[in-house]
Amino acid sequence: MAALLYPKVFDDYMNFCATNTAAAAFLPTPIFWYSFSIGQTATISKLPSEIAQKELGSTLESEEITLTLKRVGPLKAGRMRTIVFQVNDKEQHVEVKNPAAEGEFDGPMADTSNPNHLPSPMPGMVDKCHIEVGQSVVAGQELFIVSALKMEVKVRAPRDGKIDKLYVEARDKLVEGALMAVIS
């Protein structure tokens, strides 16, 4: 029924399950959409044993799994947090990456001491990317256009070389000094 009434939402849900975990399909709906509160318990009924073995690392003796959110750890380096669940009677620690806030840059920063790193000259958005990984570039060649508040800055190759890695693409938001590419 959900697939007929809300096809986009249902497709997003199915893609999440296929990409992240098949066990999510067995979570109670409010838990899936709104997450757990600390101390909240949910029961998953009739989780297939092959999914339980693969994703939870346990063979089931019963048809029910009881999940309780015990605590959410503090934000650590790299935006990582430790989430502690109790799965039946066993404590599980899961490391998750905390998502960046809306509009907050979450990518790598260029190392100013590394001549191979190409930094963003200003905060803004990548309007155009004129290069691909493996492409040879010459000094002064236009690589990107970064714009902010109707101002455009052309980012040019500082020297001859080859593009080893791209960290941005068109429409990505940047901060000043964000790593855009590596040139060898």
# chains A, B, ... in the order shown; residues from 1 in each chain; ligands from 1

call {"tool": "residues_around", "arguments": {"residues": "Val175 of chain A", "least_positions_apart": "2", "cutoff": "9 Å", "atoms": "only C-alpha atoms", "output": "list in words"}}
result
Glu104, Phe105, Met109, Ser120, Pro121, Met122, Pro123, Gly124, Met125, Lys173, Gly177 and Ala178 of chain A

call {"tool": "residues_around", "arguments": {"residues": "segment 76-86 of chain A", "least_positions_apart": "4", "cutoff": "10 Å", "atoms": "only C-alpha atoms", "output": "number ranges by chain"}}
result
A: 38-39, 41, 66-72, 90-100, 106

call {"tool": "atom_distance", "arguments": {"atom1": "atom CA of Asp160 of chain A", "atom2": "atom CA of Glu142 of chain A"}}
result
12.0 Å

call {"tool": "atom_distance", "arguments": {"atom1": "atom CA of Asp111 of chain A", "atom2": "atom CA of Leu75 of chain A"}}
result
23.7 Å

call {"tool": "atom_distance", "arguments": {"atom1": "atom CA of Ala148 of chain A", "atom2": "atom CA of Gln135 of chain A"}}
result
26.9 Å

call {"tool": "residues_around", "arguments": {"residues": "Ala110 of chain A", "least_positions_apart": "4", "cutoff": "8 Å", "atoms": "only C-alpha atoms", "output": "list in words"}}
result
Asn114, His117, Leu118, Pro119, Gly177, Ala178, Leu179 and Met180 of chain A

call {"tool": "write_last_selection", "arguments": {"atoms": "all heavy atoms", "output": "PDB file, in the first residue's frame"}}
result
ATOM      1  N   ASN A 114      51.644  20.944   1.580  1.00  0.00           N
ATOM      2  CA  ASN A 114      51.736  19.949   0.514  1.00  0.00           C
ATOM      3  C   ASN A 114      51.491  20.634  -0.829  1.00  0.00           C
ATOM      4  O   ASN A 114      50.366  21.051  -1.123  1.00  0.00           O
ATOM      5  CB  ASN A 114      50.705  18.840   0.741  1.00  0.00           C
ATOM      6  CG  ASN A 114      50.834  17.703  -0.233  1.00  0.00           C
ATOM      7  OD1 ASN A 114      51.404  17.848  -1.321  1.00  0.00           O
ATOM      8  ND2 ASN A 114      50.287  16.555   0.134  1.00  0.00           N
ATOM      9  N   HIS A 117      48.442  19.554  -3.091  1.00  0.00           N
ATOM     10  CA  HIS A 117      47.059  19.844  -2.723  1.00  0.00           C
ATOM     11  C   HIS A 117      46.607  21.150  -3.363  1.00  0.00           C
ATOM     12  O   HIS A 117      47.301  22.159  -3.283  1.00  0.00           O
ATOM     13  CB  HIS A 117      46.908  19.947  -1.207  1.00  0.00           C
ATOM     14  CG  HIS A 117      46.884  18.621  -0.536  1.00  0.00           C
ATOM     15  ND1 HIS A 117      46.455  18.458   0.757  1.00  0.00           N
ATOM     16  CD2 HIS A 117      47.212  17.381  -0.962  1.00  0.00           C
ATOM     17  CE1 HIS A 117      46.530  17.187   1.100  1.00  0.00           C
ATOM     18  NE2 HIS A 117      46.995  16.510   0.071  1.00  0.00           N
ATOM     19  N   LEU A 118      45.420  21.131  -3.957  1.00  0.00           N
ATOM     20  CA  LEU A 118      44.825  22.318  -4.566  1.00  0.00           C
ATOM     21  C   LEU A 118      43.666  22.760  -3.684  1.00  0.00           C
ATOM     22  O   LEU A 118      42.636  22.099  -3.625  1.00  0.00           O
ATOM     23  CB  LEU A 118      44.332  22.001  -5.981  1.00  0.00           C
ATOM     24  CG  LEU A 118      43.749  23.162  -6.762  1.00  0.00           C
ATOM     25  CD1 LEU A 118      44.826  24.206  -7.038  1.00  0.00           C
ATOM     26  CD2 LEU A 118      43.150  22.679  -8.061  1.00  0.00           C
ATOM     27  N   PRO A 119      43.823  23.909  -2.960  1.00  0.00           N
ATOM     28  CA  PRO A 119      42.769  24.355  -2.046  1.00  0.00           C
ATOM     29  C   PRO A 119      41.752  25.261  -2.738  1.00  0.00           C
ATOM     30  O   PRO A 119      42.042  25.889  -3.751  1.00  0.00           O
ATOM     31  CB  PRO A 119      43.555  25.154  -1.000  1.00  0.00           C
ATOM     32  CG  PRO A 119      44.700  25.730  -1.774  1.00  0.00           C
ATOM     33  CD  PRO A 119      45.043  24.693  -2.825  1.00  0.00           C
ATOM     34  N   GLY A 177      39.991  26.937   1.692  1.00  0.00           N
ATOM     35  CA  GLY A 177      41.020  25.972   2.069  1.00  0.00           C
ATOM     36  C   GLY A 177      40.602  24.520   1.916  1.00  0.00           C
ATOM     37  O   GLY A 177      41.396  23.614   2.165  1.00  0.00           O
ATOM     38  N   ALA A 178      39.368  24.271   1.470  1.00  0.00           N
ATOM     39  CA  ALA A 178      38.914  22.892   1.269  1.00  0.00           C
ATOM     40  C   ALA A 178      39.742  22.251   0.153  1.00  0.00           C
ATOM     41  O   ALA A 178      40.101  22.903  -0.835  1.00  0.00           O
ATOM     42  CB  ALA A 178      37.446  22.865   0.888  1.00  0.00           C
ATOM     43  N   LEU A 179      40.055  20.992   0.303  1.00  0.00           N
ATOM     44  CA  LEU A 179      40.832  20.263  -0.701  1.00  0.00           C
ATOM     45  C   LEU A 179      39.947  19.981  -1.906  1.00  0.00           C
ATOM     46  O   LEU A 179      38.918  19.316  -1.787  1.00  0.00           O
ATOM     47  CB  LEU A 179      41.367  18.962  -0.114  1.00  0.00           C
ATOM     48  CG  LEU A 179      42.223  18.083  -1.019  1.00  0.00           C
ATOM     49  CD1 LEU A 179      43.441  18.848  -1.546  1.00  0.00           C
ATOM     50  CD2 LEU A 179      42.660  16.826  -0.287  1.00  0.00           C
ATOM     51  N   MET A 180      40.356  20.490  -3.074  1.00  0.00           N
ATOM     52  CA  MET A 180      39.578  20.304  -4.280  1.00  0.00           C
ATOM     53  C   MET A 180      40.123  19.158  -5.131  1.00  0.00           C
ATOM     54  O   MET A 180      39.374  18.386  -5.695  1.00  0.00           O
ATOM     55  CB  MET A 180      39.557  21.589  -5.103  1.00  0.00           C
ATOM     56  CG  MET A 180      38.912  22.753  -4.367  1.00  0.00           C
ATOM     57  SD  MET A 180      38.827  24.240  -5.336  1.00  0.00           S
ATOM     58  CE  MET A 180      37.459  23.829  -6.413  1.00  0.00           C
TER      59      MET A 180
END

call {"tool": "select_by_dssp", "arguments": {"residues": "chain A", "states": "alpha helix (DSSP H)", "output": "list in words"}}
result
Ala2, Ala3, Leu4, Leu5, Pro7, Lys8, Val9, Phe10, Asp11, Asp12, Tyr13, Met14, Asn15, Phe16, Cys17, Ala18, Thr19, Thr29, Pro30, Ile31, Phe32, Trp33, Tyr34, Ser49, Glu50 and Ile51 of chain A

call {"tool": "select_by_dssp", "arguments": {"residues": "chain A", "states": "strand (DSSP E or B)", "output": "ChimeraX atom specification"}}
result
/A:41-45,64-72,76,80-87,90-97,109,117-119,124-129,136-137,142-148,151-156,161-166,173-174,178-183

call {"tool": "residues_around", "arguments": {"residues": "Ile145 of chain A", "least_positions_apart": "4", "cutoff": "6 Å", "atoms": "only C-alpha atoms", "output": "ChimeraX atom specification"}}
result
/A:126-128,153-155

call {"tool": "write_last_selection", "arguments": {"atoms": "N, CA and C atoms", "output": "PDB file, in the first residue's frame"}}
result
ATOM      1  N   VAL A 126      31.061  24.987  -6.075  1.00  0.00           N
ATOM      2  CA  VAL A 126      31.727  24.646  -7.328  1.00  0.00           C
ATOM      3  C   VAL A 126      30.688  24.765  -8.442  1.00  0.00           C
ATOM      4  N   ASP A 127      30.892  25.729  -9.342  1.00  0.00           N
ATOM      5  CA  ASP A 127      29.978  25.894 -10.476  1.00  0.00           C
ATOM      6  C   ASP A 127      30.319  24.925 -11.591  1.00  0.00           C
ATOM      7  N   LYS A 128      31.609  24.829 -11.890  1.00  0.00           N
ATOM      8  CA  LYS A 128      32.041  23.956 -12.983  1.00  0.00           C
ATOM      9  C   LYS A 128      33.324  23.241 -12.606  1.00  0.00           C
ATOM     10  N   VAL A 153      35.322  32.796  -9.183  1.00  0.00           N
ATOM     11  CA  VAL A 153      36.779  32.711  -9.145  1.00  0.00           C
ATOM     12  C   VAL A 153      37.182  31.478  -9.936  1.00  0.00           C
ATOM     13  N   LYS A 154      38.081  31.684 -10.877  1.00  0.00           N
ATOM     14  CA  LYS A 154      38.596  30.566 -11.663  1.00  0.00           C
ATOM     15  C   LYS A 154      39.780  29.975 -10.916  1.00  0.00           C
ATOM     16  N   VAL A 155      39.704  28.685 -10.664  1.00  0.00           N
ATOM     17  CA  VAL A 155      40.792  27.984  -9.984  1.00  0.00           C
ATOM     18  C   VAL A 155      41.641  27.355 -11.078  1.00  0.00           C
TER      19      VAL A 155
END

call {"tool": "residues_around", "arguments": {"residues": "Cys129 of chain A", "least_positions_apart": "5", "cutoff": "9 Å", "atoms": "only C-alpha atoms", "output": "list in words"}}
result
Glu142, Leu143, Phe144, Ile145, Val168, Glu169 and Ala170 of chain A

call {"tool": "write_last_selection", "arguments": {"atoms": "C-alpha atoms", "output": "compact mmCIF listing (two decimals), in the first residue's frame"}}
result
# COMPACT_ATOMS: atom_id res chain seq x y z
CA GLU A 142 41.35 26.48 -15.69
CA LEU A 143 40.31 23.55 -13.50
CA PHE A 144 37.26 24.78 -11.56
CA ILE A 145 34.98 27.76 -11.22
CA VAL A 168 34.73 17.96 -5.39
CA GLU A 169 32.27 18.07 -8.26
CA ALA A 170 29.83 20.63 -9.62

call {"tool": "closest_residue", "arguments": {"among": "A:Asn88, A:Asp164, A:Tyr13, A:Asn116", "to": "Ile131 of chain A", "atoms": "only C-alpha atoms"}}
result
A:Asp164
